[in-house]
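Quick look at entry.tsv (TSV, C-alpha atoms and all ligand atoms):
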chain	number	residue	atom	x	y	z
G	1	MET	CA	-39.91	-57.69	86.40
G	2	ARG	CA	-37.90	-57.07	89.53
G	3	HIS	CA	-34.29	-56.16	89.06
G	4	ASP	CA	-32.28	-56.00	92.28
G	5	THR	CA	-29.33	-53.73	91.93
G	6	GLY	CA	-26.20	-53.60	94.03
G	7	ARG	CA	-24.74	-56.27	96.29
G	8	LEU	CA	-25.34	-57.76	99.72
G	9	THR	CA	-22.97	-57.30	102.67
G	10	ARG	CA	-21.99	-60.34	104.73
G	11	ASP	CA	-24.80	-59.37	107.13
G	12	GLY	CA	-27.21	-59.69	104.20
G	13	ILE	CA	-27.78	-55.92	103.94
G	14	ARG	CA	-28.33	-54.67	100.40
G	15	ILE	CA	-26.02	-51.95	99.11
G	16	HIS	CA	-28.05	-49.94	96.61
G	17	GLU	CA	-26.73	-47.94	93.69
G	18	ALA	CA	-26.73	-44.18	93.19
G	19	ASN	CA	-29.81	-44.24	90.93
G	20	ASP	CA	-31.84	-46.14	93.53
G	21	PHE	CA	-31.92	-43.11	95.85
G	22	ALA	CA	-34.24	-41.31	93.42
G	23	GLY	CA	-36.70	-44.23	93.45
G	24	MET	CA	-36.81	-44.21	97.25
G	25	ALA	CA	-37.17	-40.43	97.40
G	26	LYS	CA	-40.18	-40.63	95.07
G	27	ALA	CA	-41.89	-43.35	97.11
G	28	GLY	CA	-41.04	-41.61	100.36
G	29	ALA	CA	-42.44	-38.30	99.13
G	30	VAL	CA	-45.78	-39.94	98.29
G	31	ALA	CA	-46.05	-41.48	101.77
G	32	ALA	CA	-45.02	-38.25	103.49
G	33	LYS	CA	-47.51	-36.17	101.47
G	34	ILE	CA	-50.30	-38.51	102.56
G	35	LEU	CA	-49.31	-37.91	106.20
G	36	ASP	CA	-49.33	-34.14	105.57
G	37	ASP	CA	-52.77	-34.31	103.96
G	38	LEU	CA	-54.20	-36.09	107.01
G	39	VAL	CA	-53.49	-33.21	109.39
G	40	PRO	CA	-56.84	-31.37	108.93
G	41	HIS	CA	-58.73	-34.66	109.30
G	42	VAL	CA	-57.55	-35.44	112.83
G	43	PHE	CA	-59.93	-33.94	115.41
G	44	PRO	CA	-62.11	-35.10	118.31
G	45	GLY	CA	-65.02	-37.13	116.94
G	46	GLN	CA	-63.08	-38.37	113.91
G	47	THR	CA	-62.73	-42.15	113.85
G	48	THR	CA	-59.69	-44.23	112.99
G	49	GLY	CA	-61.89	-46.03	110.44
G	50	GLY	CA	-62.68	-42.64	108.89
G	51	LEU	CA	-58.97	-41.80	108.70
G	52	GLU	CA	-58.29	-45.17	107.03
G	53	ALA	CA	-60.95	-44.39	104.39
G	54	ILE	CA	-59.26	-41.03	103.68
G	55	ILE	CA	-55.86	-42.73	103.49
G	56	ARG	CA	-57.19	-45.22	100.93
G	57	GLU	CA	-58.45	-42.31	98.81
G	58	LEU	CA	-55.11	-40.51	99.09
G	59	VAL	CA	-53.19	-43.66	98.13
G	60	ALA	CA	-55.45	-44.18	95.12
G	61	ALA	CA	-55.21	-40.51	94.07
G	62	SER	CA	-51.39	-40.69	94.25
G	63	GLY	CA	-51.30	-43.64	91.85
G	64	SER	CA	-49.30	-45.65	94.39
G	65	THR	CA	-50.10	-49.01	95.97
G	66	SER	CA	-50.56	-49.72	99.69
G	67	ALA	CA	-47.81	-52.03	100.95
G	68	THR	CA	-49.76	-53.12	104.01
G	69	ILE	CA	-53.03	-54.36	102.44
G	70	GLY	CA	-52.50	-58.11	102.18
G	71	TYR	CA	-49.18	-58.00	104.04
G	72	LYS	CA	-49.12	-61.07	106.34
G	73	GLY	CA	-52.92	-60.99	106.27
G	74	TYR	CA	-53.19	-57.33	107.32
G	75	GLN	CA	-56.23	-55.74	105.64
G	76	HIS	CA	-55.65	-52.00	105.97
G	77	ALA	CA	-53.70	-49.17	104.28
G	78	SER	CA	-52.56	-47.78	107.64
G	79	CYS	CA	-51.74	-48.61	111.21
G	80	ILE	CA	-53.29	-46.12	113.64
G	81	SER	CA	-52.00	-46.44	117.18
G	82	VAL	CA	-53.86	-44.34	119.74
G	83	ASN	CA	-52.55	-43.38	123.22
G	84	HIS	CA	-51.00	-46.50	124.84
G	85	VAL	CA	-51.09	-48.48	121.59
G	86	VAL	CA	-47.40	-48.86	120.72
G	87	CYS	CA	-47.79	-49.86	117.06
G	88	HIS	CA	-49.92	-51.85	114.59
G	89	GLY	CA	-53.21	-50.38	115.84
G	90	ILE	CA	-55.98	-51.52	113.48
G	91	PRO	CA	-58.04	-48.64	112.06
G	92	GLY	CA	-61.76	-49.06	112.67
G	93	SER	CA	-61.32	-51.26	115.72
G	94	LYS	CA	-62.32	-50.22	119.22
G	95	ILE	CA	-59.71	-48.00	120.87
G	96	PRO	CA	-58.50	-49.66	124.07
G	97	LYS	CA	-58.60	-47.70	127.32
G	98	TRP	CA	-55.28	-46.37	128.64
G	99	LYS	CA	-54.28	-45.95	132.27
G	100	ASN	CA	-55.74	-42.51	133.03
G	101	ASP	CA	-58.51	-42.63	130.43
G	102	THR	CA	-61.68	-40.80	131.41
G	103	HIS	CA	-63.68	-42.09	128.42
G	104	SER	CA	-65.63	-45.32	128.09
G	105	ARG	CA	-64.29	-46.18	124.58
G	106	THR	CA	-67.00	-48.20	122.90
G	107	ASP	CA	-65.75	-47.55	119.37
G	108	ASP	CA	-62.95	-46.07	117.25
G	109	ALA	CA	-63.75	-42.38	117.84
G	110	LEU	CA	-61.04	-39.98	118.98
G	111	TYR	CA	-61.48	-37.79	122.04
G	112	ASP	CA	-59.90	-34.41	122.84
G	113	GLY	CA	-56.33	-34.97	123.97
G	114	ASP	CA	-55.86	-38.34	122.28
G	115	ILE	CA	-52.44	-38.79	120.68
G	116	LEU	CA	-52.05	-41.12	117.73
G	117	ASN	CA	-49.44	-42.45	115.38
G	118	ILE	CA	-50.43	-42.94	111.75
G	119	ASP	CA	-48.11	-45.24	109.78
G	120	VAL	CA	-48.41	-45.49	106.00
G	121	THR	CA	-46.29	-47.50	103.55
G	122	VAL	CA	-46.73	-47.16	99.79
G	123	ILE	CA	-45.08	-48.75	96.78
G	124	VAL	CA	-44.08	-46.48	93.87
G	125	ASP	CA	-42.35	-48.02	90.84
G	126	GLY	CA	-41.44	-50.99	93.05
G	127	TRP	CA	-39.84	-48.88	95.82
G	128	PHE	CA	-41.25	-48.84	99.36
G	129	GLY	CA	-41.81	-45.58	101.25
G	130	ASP	CA	-42.51	-46.17	104.95
G	131	THR	CA	-43.17	-43.33	107.39
G	132	SER	CA	-45.20	-42.52	110.46
G	133	ARG	CA	-45.90	-39.50	112.63
G	134	MET	CA	-47.78	-38.43	115.72
G	135	TYR	CA	-51.01	-36.44	115.57
G	136	VAL	CA	-53.16	-34.97	118.31
G	137	ALA	CA	-56.96	-34.84	118.40
G	138	GLY	CA	-57.67	-31.41	119.83
G	139	GLU	CA	-55.13	-30.36	122.43
G	140	ALA	CA	-52.47	-32.62	123.97
G	141	LYS	CA	-51.90	-32.69	127.72
G	142	PRO	CA	-48.43	-31.29	128.56
G	143	PHE	CA	-46.99	-34.74	129.42
G	144	ALA	CA	-48.26	-36.16	126.13
G	145	ALA	CA	-46.83	-33.22	124.17
G	146	ARG	CA	-43.47	-33.80	125.90
G	147	LEU	CA	-43.55	-37.50	124.98
G	148	ILE	CA	-44.20	-36.60	121.34
G	149	GLN	CA	-41.39	-34.03	121.28
G	150	VAL	CA	-38.87	-36.40	122.89
G	151	THR	CA	-39.83	-39.19	120.45
G	152	HIS	CA	-39.41	-36.95	117.42
G	153	ASP	CA	-36.08	-35.65	118.75
G	154	ALA	CA	-34.97	-39.26	119.37
G	155	LEU	CA	-35.68	-40.16	115.73
G	156	MET	CA	-33.75	-37.14	114.46
G	157	ILE	CA	-30.81	-37.86	116.81
G	158	GLY	CA	-30.77	-41.42	115.44
G	159	ILE	CA	-30.72	-40.08	111.88
G	160	ASP	CA	-27.94	-37.61	112.78
G	161	THR	CA	-25.82	-40.62	113.75
G	162	VAL	CA	-26.11	-42.21	110.30
G	163	LYS	CA	-22.83	-42.07	108.38
G	164	PRO	CA	-20.56	-44.63	106.69
G	165	GLY	CA	-18.31	-46.21	109.32
G	166	LYS	CA	-20.79	-45.82	112.19
G	167	THR	CA	-22.62	-48.93	113.39
G	168	PHE	CA	-26.27	-49.81	113.96
G	169	GLY	CA	-25.39	-50.02	117.66
G	170	ASP	CA	-24.30	-46.38	117.50
G	171	ILE	CA	-27.78	-45.43	116.22
G	172	GLY	CA	-29.52	-47.44	118.93
G	173	HIS	CA	-27.27	-46.06	121.63
G	174	ALA	CA	-27.86	-42.44	120.57
G	175	ILE	CA	-31.63	-42.95	120.69
G	176	GLN	CA	-31.65	-44.90	123.95
G	177	SER	CA	-29.38	-42.55	125.89
G	178	PHE	CA	-31.38	-39.51	124.76
G	179	VAL	CA	-34.75	-41.08	125.66
G	180	GLU	CA	-33.62	-42.45	129.01
G	181	GLY	CA	-32.06	-39.05	129.79
G	182	HIS	CA	-35.62	-37.76	129.68
G	183	ARG	CA	-36.81	-40.50	132.07
G	184	MET	CA	-38.76	-42.22	129.31
G	185	SER	CA	-38.21	-45.73	127.91
G	186	VAL	CA	-37.43	-47.28	124.52
G	187	VAL	CA	-39.54	-50.21	123.32
G	188	ARG	CA	-37.40	-53.31	122.69
G	189	ASP	CA	-40.03	-55.59	121.11
G	190	PHE	CA	-40.25	-53.78	117.74
G	191	CYS	CA	-37.54	-52.33	115.57
G	192	GLY	CA	-36.78	-50.57	112.30
G	193	HIS	CA	-35.80	-52.55	109.22
G	194	GLY	CA	-33.99	-52.52	105.93
G	195	LEU	CA	-36.22	-51.71	102.95
G	196	GLY	CA	-35.98	-50.80	99.29
G	197	ARG	CA	-37.68	-52.97	96.69
G	198	VAL	CA	-38.88	-55.03	99.68
G	199	PHE	CA	-40.87	-53.94	102.74
G	200	HIS	CA	-38.86	-55.61	105.49
G	201	ALA	CA	-35.26	-56.73	104.98
G	202	ALA	CA	-32.04	-57.03	106.98
G	203	PRO	CA	-30.96	-55.54	109.26
G	204	ASN	CA	-33.17	-55.18	112.32
G	205	VAL	CA	-32.63	-51.55	113.34
G	206	LEU	CA	-32.74	-51.57	117.13
G	207	HIS	CA	-33.54	-48.35	118.96
G	208	TYR	CA	-31.28	-49.25	121.86
G	209	GLY	CA	-27.77	-50.66	122.02
G	210	ARG	CA	-24.10	-50.22	122.69
G	211	PRO	CA	-21.73	-48.02	120.65
G	212	GLY	CA	-19.58	-49.86	118.13
G	213	THR	CA	-21.76	-52.98	118.04
G	214	GLY	CA	-23.76	-54.37	115.13
G	215	PRO	CA	-23.16	-54.09	111.38
G	216	VAL	CA	-21.13	-51.17	110.04
G	217	LEU	CA	-23.10	-48.64	107.97
G	218	GLU	CA	-22.14	-48.36	104.32
G	219	GLU	CA	-23.16	-45.92	101.61
G	220	GLY	CA	-26.19	-47.32	99.76
G	221	MET	CA	-27.91	-48.99	102.72
G	222	PHE	CA	-31.64	-48.14	102.97
G	223	PHE	CA	-33.54	-48.65	106.23
G	224	THR	CA	-36.13	-47.19	108.57
G	225	ILE	CA	-35.58	-45.72	112.00
G	226	GLU	CA	-38.84	-45.80	113.94
G	227	PRO	CA	-38.37	-45.49	117.70
G	228	MET	CA	-41.30	-46.22	119.97
G	229	VAL	CA	-40.97	-44.34	123.26
G	230	ASN	CA	-43.04	-44.97	126.38
G	231	LEU	CA	-43.81	-42.66	129.29
G	232	GLY	CA	-43.74	-45.69	131.58
G	233	ARG	CA	-42.05	-49.05	131.25
G	234	PRO	CA	-40.85	-50.49	127.92
G	235	GLU	CA	-42.74	-53.81	127.99
G	236	THR	CA	-45.46	-54.45	125.44
G	237	LYS	CA	-48.10	-57.04	124.74
G	238	VAL	CA	-50.07	-57.93	121.64
G	239	LEU	CA	-53.87	-58.06	121.91
G	240	LYS	CA	-56.03	-61.01	120.81
G	241	ASP	CA	-56.45	-59.46	117.36
G	242	GLU	CA	-52.79	-60.52	116.91
G	243	TRP	CA	-51.74	-57.05	115.68
G	244	THR	CA	-52.42	-54.31	118.24
G	245	ALA	CA	-49.39	-53.88	120.51
G	246	ILE	CA	-49.98	-51.95	123.75
G	247	THR	CA	-47.81	-50.95	126.69
G	248	ARG	CA	-48.19	-53.48	129.51
G	249	ASP	CA	-48.48	-50.71	132.12
G	250	LYS	CA	-51.02	-48.84	129.91
G	251	HIS	CA	-49.05	-45.59	129.99
G	252	LEU	CA	-48.80	-43.57	126.77
G	253	SER	CA	-46.50	-44.45	123.86
G	254	ALA	CA	-45.37	-42.46	120.83
G	255	GLN	CA	-43.52	-43.20	117.57
G	256	PHE	CA	-42.06	-41.45	114.54
G	257	GLU	CA	-40.61	-43.18	111.48
G	258	HIS	CA	-38.51	-42.10	108.53
G	259	SER	CA	-37.07	-44.14	105.67
G	260	VAL	CA	-33.43	-43.14	105.11
G	261	GLY	CA	-30.47	-43.94	102.88
G	262	VAL	CA	-26.79	-43.80	103.81
G	263	THR	CA	-24.93	-41.26	101.66
G	264	SER	CA	-21.15	-40.66	101.38
G	265	ASP	CA	-21.21	-38.41	104.44
G	266	GLY	CA	-24.52	-38.88	106.27
G	267	ALA	CA	-28.16	-39.74	105.61
G	268	GLU	CA	-30.76	-38.82	103.02
G	269	ILE	CA	-34.24	-38.75	104.55
G	270	PHE	CA	-36.62	-40.17	101.93
G	271	THR	CA	-39.78	-39.23	103.85
G	272	PRO	CA	-39.49	-35.58	104.92
G	273	SER	CA	-42.79	-33.74	105.34
G	274	PRO	CA	-43.34	-31.67	102.18
G	275	GLY	CA	-45.18	-29.10	104.32
G	276	GLY	CA	-42.57	-29.04	107.08
G	277	LEU	CA	-44.97	-30.58	109.60
G	278	PHE	CA	-44.29	-33.37	112.02
G	279	TYR	CA	-47.49	-33.63	113.99
G	280	THR	CA	-50.76	-31.81	114.27
G	281	PRO	CA	-50.06	-28.62	116.17
G	282	ALA	CA	-52.33	-28.37	119.21
G	283	SER	CA	-53.80	-25.16	117.83
G	284	ALA	CA	-54.63	-26.50	114.34
G	301	LIG	N1	-45.33	-49.78	108.45
G	301	LIG	C1	-45.00	-50.70	109.52
G	301	LIG	C2	-43.52	-50.58	109.74
G	301	LIG	O1	-43.10	-49.52	110.08
G	301	LIG	C3	-45.37	-52.10	109.22
G	301	LIG	C4	-46.81	-52.33	109.24
G	301	LIG	S1	-47.11	-53.94	108.77
G	301	LIG	C5	-48.77	-54.07	108.93
G	301	LIG	O2	-42.73	-51.46	109.51
G	301	LIG	F1	-49.08	-55.17	108.38
G	301	LIG	F2	-49.09	-53.98	110.19
G	301	LIG	F3	-49.32	-53.05	108.30
G	302	CO	CO	-41.22	-49.50	109.13
G	303	CO	CO	-44.12	-47.92	109.10

Written as structure tokens, how would this file's structure read?
Amino acid sequence: MRHDTGRLTRDGIRIHEANDFAGMAKAGAVAAKILDDLVPHVFPGQTTGGLEAIIRELVAASGSTSATIGYKGYQHASCISVNHVVCHGIPGSKIPKWKNDTHSRTDDALYDGDILNIDVTVIVDGWFGDTSRMYVAGEAKPFAARLIQVTHDALMIGIDTVKPGKTFGDIGHAIQSFVEGHRMSVVRDFCGHGLGRVFHAAPNVLHYGRPGTGPVLEEGMFFTIEPMVNLGRPETKVLKDEWTAITRDKHLSAQFEHSVGVTSDGAEIFTPSPGGLFYTPASA
């Protein structure tokens, strides 16, 4: 039986109790360990369908449940977003061709230099752990490696902003100003979200914004920060499969996601990499 603890703010954001942090940390650790375990499986010639099969095995072996299978009709345990796919790439489906692609792309196989986000959400004891990271098949081109680094830094700068009394606009502003300072752009069409004993809850966590705007952060709020950063323009479009979101200009896109909780003086990251990794090193 579901027992929702805590109270809701007037913005409808749940304030969780001290004990709830442990539940989130456990779920987050399972999701993050799955992302760690995928590292040796990402290489040129691997397929996104093959990665999905491995993810299903890892979810089963962990004793957790996939949150995405059956979610709004989605049929997979992961989203795998390659190159200019912004988010919600469907594993096993043909990888679309990005702007400077030199490959013909007839299937879901990765080529040397492809960059990909793998996003996994699991449920452990009713708590949702949602995290994603970038990986590289083979060796990233320097501009792709820079995009990945800036995106990861943007996520961490967003998390560094989290503290009671700050606002969601402060988080968005920190991310946006950092990204735009690097002449890259922040996707507006997708955002982070509250979570806990539910997958997607209030608030929408925008990765752009103005300081001092939006709801005020309070201890006990749980949400994701998951900036999508583009090398070109921020506009996106969703393909006919109704899931895959790509950049309109077909330039590369990257994303990292952590689930976090607001503590008395900052943030607890529920989804840190147990192995201290954040994406496949080019040399691995
Ligand atoms: N994990 C994604 C997120 O960060 C949501 C994926 S929903 C799916 O919110 F149905 F596409 F899997
Ligand atoms: Co999310
Ligand atoms: Co996610």

Give one line per residue of segment 196-282 of chain G that approaches segment 63-81 of chain G to at most 9 Å, naming the two atoms of the closest pair and their distance in Å to one decimal, counting all atoms listed in the file; sort by chain then ascending residue number and deliver it as CSV.
residue,atom,partner,partner_atom,distance
G:Phe199,CA,G:Ala67,CA,7.4
G:Trp243,CA,G:Tyr74,CA,8.5
G:Thr244,CA,G:Ser81,CA,8.0
G:Ala245,CA,G:Ser81,CA,8.6
G:Ile246,CA,G:Ser81,CA,8.8
G:Ser253,CA,G:Ser81,CA,8.9
G:Ala254,CA,G:Ser81,CA,8.6

Save the residues we just selected, C-alpha atoms, as an mmCIF file, in the coordinates of the input?
data_model
loop_
_atom_site.group_PDB
_atom_site.id
_atom_site.type_symbol
_atom_site.label_atom_id
_atom_site.label_comp_id
_atom_site.auth_asym_id
_atom_site.auth_seq_id
_atom_site.Cartn_x
_atom_site.Cartn_y
_atom_site.Cartn_z
ATOM 1 C CA PHE G 199 -40.870 -53.940 102.740
ATOM 2 C CA TRP G 243 -51.740 -57.050 115.680
ATOM 3 C CA THR G 244 -52.420 -54.310 118.240
ATOM 4 C CA ALA G 245 -49.390 -53.880 120.510
ATOM 5 C CA ILE G 246 -49.980 -51.950 123.750
ATOM 6 C CA SER G 253 -46.500 -44.450 123.860
ATOM 7 C CA ALA G 254 -45.370 -42.460 120.830
#

Check which residues of chain G sit at most 8 Å from ligand CO 303 (chain G) using only C-alpha atoms and all ligand atoms, and return one row each with the closest pair of atoms and their distance in Å to one decimal, ordered by chain and rising number, as JSON lines.
{"residue": "G:Cys79", "atom": "CA", "partner": "G:CO303", "partner_atom": "CO", "distance": 7.9}
{"residue": "G:Asp119", "atom": "CA", "partner": "G:CO303", "partner_atom": "CO", "distance": 4.9}
{"residue": "G:Val120", "atom": "CA", "partner": "G:CO303", "partner_atom": "CO", "distance": 5.8}
{"residue": "G:Thr121", "atom": "CA", "partner": "G:CO303", "partner_atom": "CO", "distance": 6.0}
{"residue": "G:Asp130", "atom": "CA", "partner": "G:CO303", "partner_atom": "CO", "distance": 4.8}
{"residue": "G:Thr131", "atom": "CA", "partner": "G:CO303", "partner_atom": "CO", "distance": 5.0}
{"residue": "G:Ser132", "atom": "CA", "partner": "G:CO303", "partner_atom": "CO", "distance": 5.7}
{"residue": "G:Glu226", "atom": "CA", "partner": "G:CO303", "partner_atom": "CO", "distance": 7.5}
{"residue": "G:Glu257", "atom": "CA", "partner": "G:CO303", "partner_atom": "CO", "distance": 6.4}

Note to self: Applying 9 Å and only C-alpha atoms, which residues near segment 30-45 of chain G remain after dropping the ones on its own chain fewer than 6 positions away? List them as number ranges by chain.
What the structure shows: G: 51, 54-55, 58-59, 62, 64, 109-114, 118-124, 129-133, 135-138, 270-281, 284

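Using only C-alpha atoms, the shortest contact distance between Lys163 of chain G and any of G:Glu17, G:Val229, G:Arg248, G:Gly220 is found at G:Gly220.
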
Kindly provide the residues of segment 191-247 of chain G that approach segment 147-155 of chain G to within 9 Å, each paired with its closest atom pair and their distance in Å to one decimal, based on only C-alpha atoms, listed by chain and increasing number, as CSV.
residue,atom,partner,partner_atom,distance
G:Ile225,CA,G:Leu155,CA,6.7
G:Glu226,CA,G:Leu155,CA,6.7
G:Pro227,CA,G:Leu155,CA,6.3
G:Met228,CA,G:Thr151,CA,7.2
G:Val229,CA,G:Thr151,CA,6.0
G:Asn230,CA,G:Leu147,CA,7.6
G:Leu231,CA,G:Leu147,CA,6.7

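Shortest atom-to-atom contact with Phe223 of chain G among G:Arg188, G:Lys99, G:His193, G:Arg210: G:His193, counting all atoms listed in the file.
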
Next item on the list: Rank G:His258, G:His88, G:His251, G:Lys237 by their smallest atom-to-atom distance to ligand LIG 301 (chain G), using only C-alpha atoms and all ligand atoms, and report the top residue only.
Entry: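 Distance minimum relative to ligand LIG 301 (chain G) lands on G:His88.
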
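Of the listed residues G:Leu252, G:Met134, G:Ile269, G:Ile90, the one whose atoms come nearest to ligand LIG 301 (chain G) is G:Ile90, with distances taken using all atoms listed in the file.
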